[in-house]
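Report on one structure; see the data block that follows.
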Amino acid sequence: MPVNLSNLKPPRGSRHRKVRVGRGMGSKLGKTAGSGNKGQKSRRGFSRRPGFEGGQMPLHRRLPKRGFRNPFSREYSIVNVAMLNAFAAGETVTPDALMARGILNRLRDGVKVLGDGDLKVALTVHAHAFSGSAKEKIARAGGKVEVLQ
């Protein structure tokens with residue numbers, strides 16, 4: 001039989017009647033219309049906010065607040081002096097160069113160089129912060145330290 005506009009039908013089971021609730025006991029969803037019995041939750045339009053515990057003091061208000069979070073703190077990406085041996089002597093090390101080499105995968109609020117390991121090449125290092133031992137090791141290798149703002 002050819003398919004044309006006069007005999008098109010949706011596939012079996014793809015369409016079904018909407019359930020009409022509250023239309024008598026014979027409909028299986030009469031009287032309480034599937035909402036159970038009484039109470040706030042059975043009323044139309046009820047929506048409970050997240051964390052609500054039926055009027056009991058919610059957990060997020062029962063737990064004590066502790067400590068202090070400094071809103072001006074800076075989270076640095078850390079680079080150790082030993083990692084800088086990947087660069088050739090006389091090169092300038094910048095945060096972008098560190099990203100390009102894959103030493104850093106994310107910059108955060110800046111780059112801080114720490115003094116773990118030994119530096120064997122003389123480099124000019126540009127970073128946002130340095131530890132005392134890192135400055136000393138870079139200078140001892142014949143390099144220079146420049147602090148970025």
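Here's how to read the names in the structure tokens: chain A, B, ... by the order shown, residue numbers from 1 in each chain, ligand numbers from 1 in the order shown.
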
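Every protein or nucleic acid residue with an atom no more than 12 Å from range 53-68 of chain A, counting only C-alpha atoms and leaving out same-chain residues fewer than 3 positions away, appears here: Gly39, Gln40, Lys41, Arg48, Arg49, Pro50, Pro71, Phe72 and Ser73 of chain A.
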
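Our summary of the geometry notes that CA of Ile103 in chain A is positioned 7.7 Å from CA of Val79 in chain A.
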
Excluding Ala89 in chain A and any residue of its chain fewer than 4 positions from it, enumerate the residues within 9 Å of it, using only C-alpha atoms, and give them as a ChimeraX atom specification. /A:85,120-123

I'd like the neighbourhood of range 111-116 of chain A as a PyMOL selection string, where a residue qualifies if any of its atoms comes within 7 Å (using only C-alpha atoms), though same-chain residues fewer than 5 positions away should be ignored. chain A and resi 76-82+95+127-131+133-134

Determine which residues of chain A receive a DSSP assignment of strand (DSSP E), computed from the backbone, and state them as an MDAnalysis selection string. chainID A and resid 77:80 92:93 111:114 124:127 129:130 144:147

Residues at most 10 Å from Gly34 in chain A, counting only C-alpha atoms, excluding those fewer than 5 positions away in the same chain, as a compact mmCIF listing (two decimals) with N, CA and C atoms, in the first residue's frame?
```txt
# COMPACT_ATOMS: atom_id res chain seq x y z
N VAL A 21 -6.24 13.52 36.04
CA VAL A 21 -6.30 13.19 37.46
C VAL A 21 -7.46 13.92 38.12
N GLY A 22 -7.95 13.34 39.22
CA GLY A 22 -9.03 13.97 39.99
C GLY A 22 -10.37 13.92 39.27
N LYS A 28 -8.70 5.62 38.63
CA LYS A 28 -7.51 5.21 39.38
C LYS A 28 -6.78 6.40 40.02
N LEU A 29 -7.00 7.60 39.52
CA LEU A 29 -6.37 8.78 40.10
C LEU A 29 -7.44 9.81 40.48
N SER A 42 0.68 17.99 49.63
CA SER A 42 -0.40 17.56 48.76
C SER A 42 -1.09 18.74 48.07
```

Within 9 Å of Arg140 in chain A, counting only C-alpha atoms, which residues qualify if same-chain residues fewer than 4 places away don't, as an NGL selection string? :A and (119 or 122 or 135-136)

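In this structure, CA of Gly24 in chain A sits 25.9 Å away from CA of Ser47 in chain A.
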
Polymer residues at most 9 Å from Thr124 in chain A, only C-alpha atoms, same-chain spacing of 5 or more positions, as an mmCIF file with all heavy atoms, in the first residue's frame:
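The file below, part-v7.cif, is the result:
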```cif
data_model
loop_
_atom_site.group_PDB
_atom_site.id
_atom_site.type_symbol
_atom_site.label_atom_id
_atom_site.label_comp_id
_atom_site.auth_asym_id
_atom_site.auth_seq_id
_atom_site.Cartn_x
_atom_site.Cartn_y
_atom_site.Cartn_z
ATOM 1 N N GLY A 90 70.790 31.370 29.138
ATOM 2 C CA GLY A 90 70.603 32.709 28.583
ATOM 3 C C GLY A 90 69.176 33.020 28.165
ATOM 4 O O GLY A 90 68.875 34.144 27.779
ATOM 5 N N GLU A 91 68.282 32.039 28.256
ATOM 6 C CA GLU A 91 66.885 32.257 27.865
ATOM 7 C C GLU A 91 66.149 33.074 28.918
ATOM 8 O O GLU A 91 66.538 33.122 30.081
ATOM 9 C CB GLU A 91 66.166 30.910 27.693
ATOM 10 C CG GLU A 91 65.918 30.533 26.260
ATOM 11 C CD GLU A 91 65.067 29.290 26.139
ATOM 12 O OE1 GLU A 91 65.608 28.189 26.319
ATOM 13 O OE2 GLU A 91 63.859 29.429 25.858
ATOM 14 N N THR A 92 65.049 33.721 28.488
ATOM 15 C CA THR A 92 64.175 34.447 29.420
ATOM 16 C C THR A 92 62.968 33.568 29.710
ATOM 17 O O THR A 92 62.265 33.147 28.791
ATOM 18 C CB THR A 92 63.717 35.784 28.809
ATOM 19 O OG1 THR A 92 64.888 36.551 28.492
ATOM 20 C CG2 THR A 92 62.870 36.568 29.788
ATOM 21 N N VAL A 93 62.742 33.316 30.997
ATOM 22 C CA VAL A 93 61.625 32.461 31.416
ATOM 23 C C VAL A 93 60.468 33.356 31.838
ATOM 24 O O VAL A 93 60.598 34.141 32.784
ATOM 25 C CB VAL A 93 62.037 31.540 32.583
ATOM 26 C CG1 VAL A 93 60.870 30.678 33.020
ATOM 27 C CG2 VAL A 93 63.218 30.675 32.184
ATOM 28 N N THR A 94 59.338 33.256 31.149
ATOM 29 C CA THR A 94 58.129 34.025 31.496
ATOM 30 C C THR A 94 56.997 33.038 31.780
ATOM 31 O O THR A 94 57.106 31.855 31.431
ATOM 32 C CB THR A 94 57.718 34.930 30.314
ATOM 33 O OG1 THR A 94 57.417 34.091 29.195
ATOM 34 C CG2 THR A 94 58.805 35.923 29.944
ATOM 35 N N ILE A 138 68.989 31.088 41.780
ATOM 36 C CA ILE A 138 69.014 31.670 40.432
ATOM 37 C C ILE A 138 70.224 32.588 40.294
ATOM 38 O O ILE A 138 70.935 32.555 39.286
ATOM 39 C CB ILE A 138 67.692 32.414 40.123
ATOM 40 C CG1 ILE A 138 66.536 31.413 40.021
ATOM 41 C CG2 ILE A 138 67.811 33.216 38.833
ATOM 42 C CD1 ILE A 138 65.155 32.031 40.016
ATOM 43 N N GLY A 143 72.028 33.801 36.957
ATOM 44 C CA GLY A 143 70.805 34.339 36.347
ATOM 45 C C GLY A 143 70.295 35.602 37.038
ATOM 46 O O GLY A 143 70.918 36.090 37.984
ATOM 47 N N LYS A 144 69.169 36.119 36.526
ATOM 48 C CA LYS A 144 68.554 37.316 37.095
ATOM 49 C C LYS A 144 67.100 37.041 37.440
ATOM 50 O O LYS A 144 66.430 36.223 36.796
ATOM 51 C CB LYS A 144 68.616 38.479 36.093
ATOM 52 C CG LYS A 144 69.964 39.143 36.028
ATOM 53 C CD LYS A 144 69.881 40.477 35.287
ATOM 54 C CE LYS A 144 69.632 40.207 33.811
ATOM 55 N NZ LYS A 144 70.028 41.294 32.927
ATOM 56 N N VAL A 145 66.615 37.759 38.469
ATOM 57 C CA VAL A 145 65.244 37.615 38.937
ATOM 58 C C VAL A 145 64.497 38.913 38.655
ATOM 59 O O VAL A 145 64.988 39.986 38.993
ATOM 60 C CB VAL A 145 65.223 37.320 40.457
ATOM 61 C CG1 VAL A 145 63.847 37.458 41.023
ATOM 62 C CG2 VAL A 145 65.787 35.938 40.737
ATOM 63 N N GLU A 146 63.314 38.843 38.034
ATOM 64 C CA GLU A 146 62.487 40.037 37.814
ATOM 65 C C GLU A 146 61.079 39.727 38.278
ATOM 66 O O GLU A 146 60.450 38.775 37.815
ATOM 67 C CB GLU A 146 62.519 40.440 36.346
ATOM 68 C CG GLU A 146 63.876 40.983 35.930
ATOM 69 C CD GLU A 146 63.849 41.681 34.580
ATOM 70 O OE1 GLU A 146 62.760 42.189 34.203
ATOM 71 O OE2 GLU A 146 64.899 41.701 33.936
#
```

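Going from CA of His16 in chain A to CA of Gly36 in chain A covers 24.9 Å.
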
DSSP on the backbone, then: every residue of range 61-133 of chain A marked helix (DSSP H, G or I), written as a ChimeraX atom specification. /A:61-62,81-86,95-101,132-133
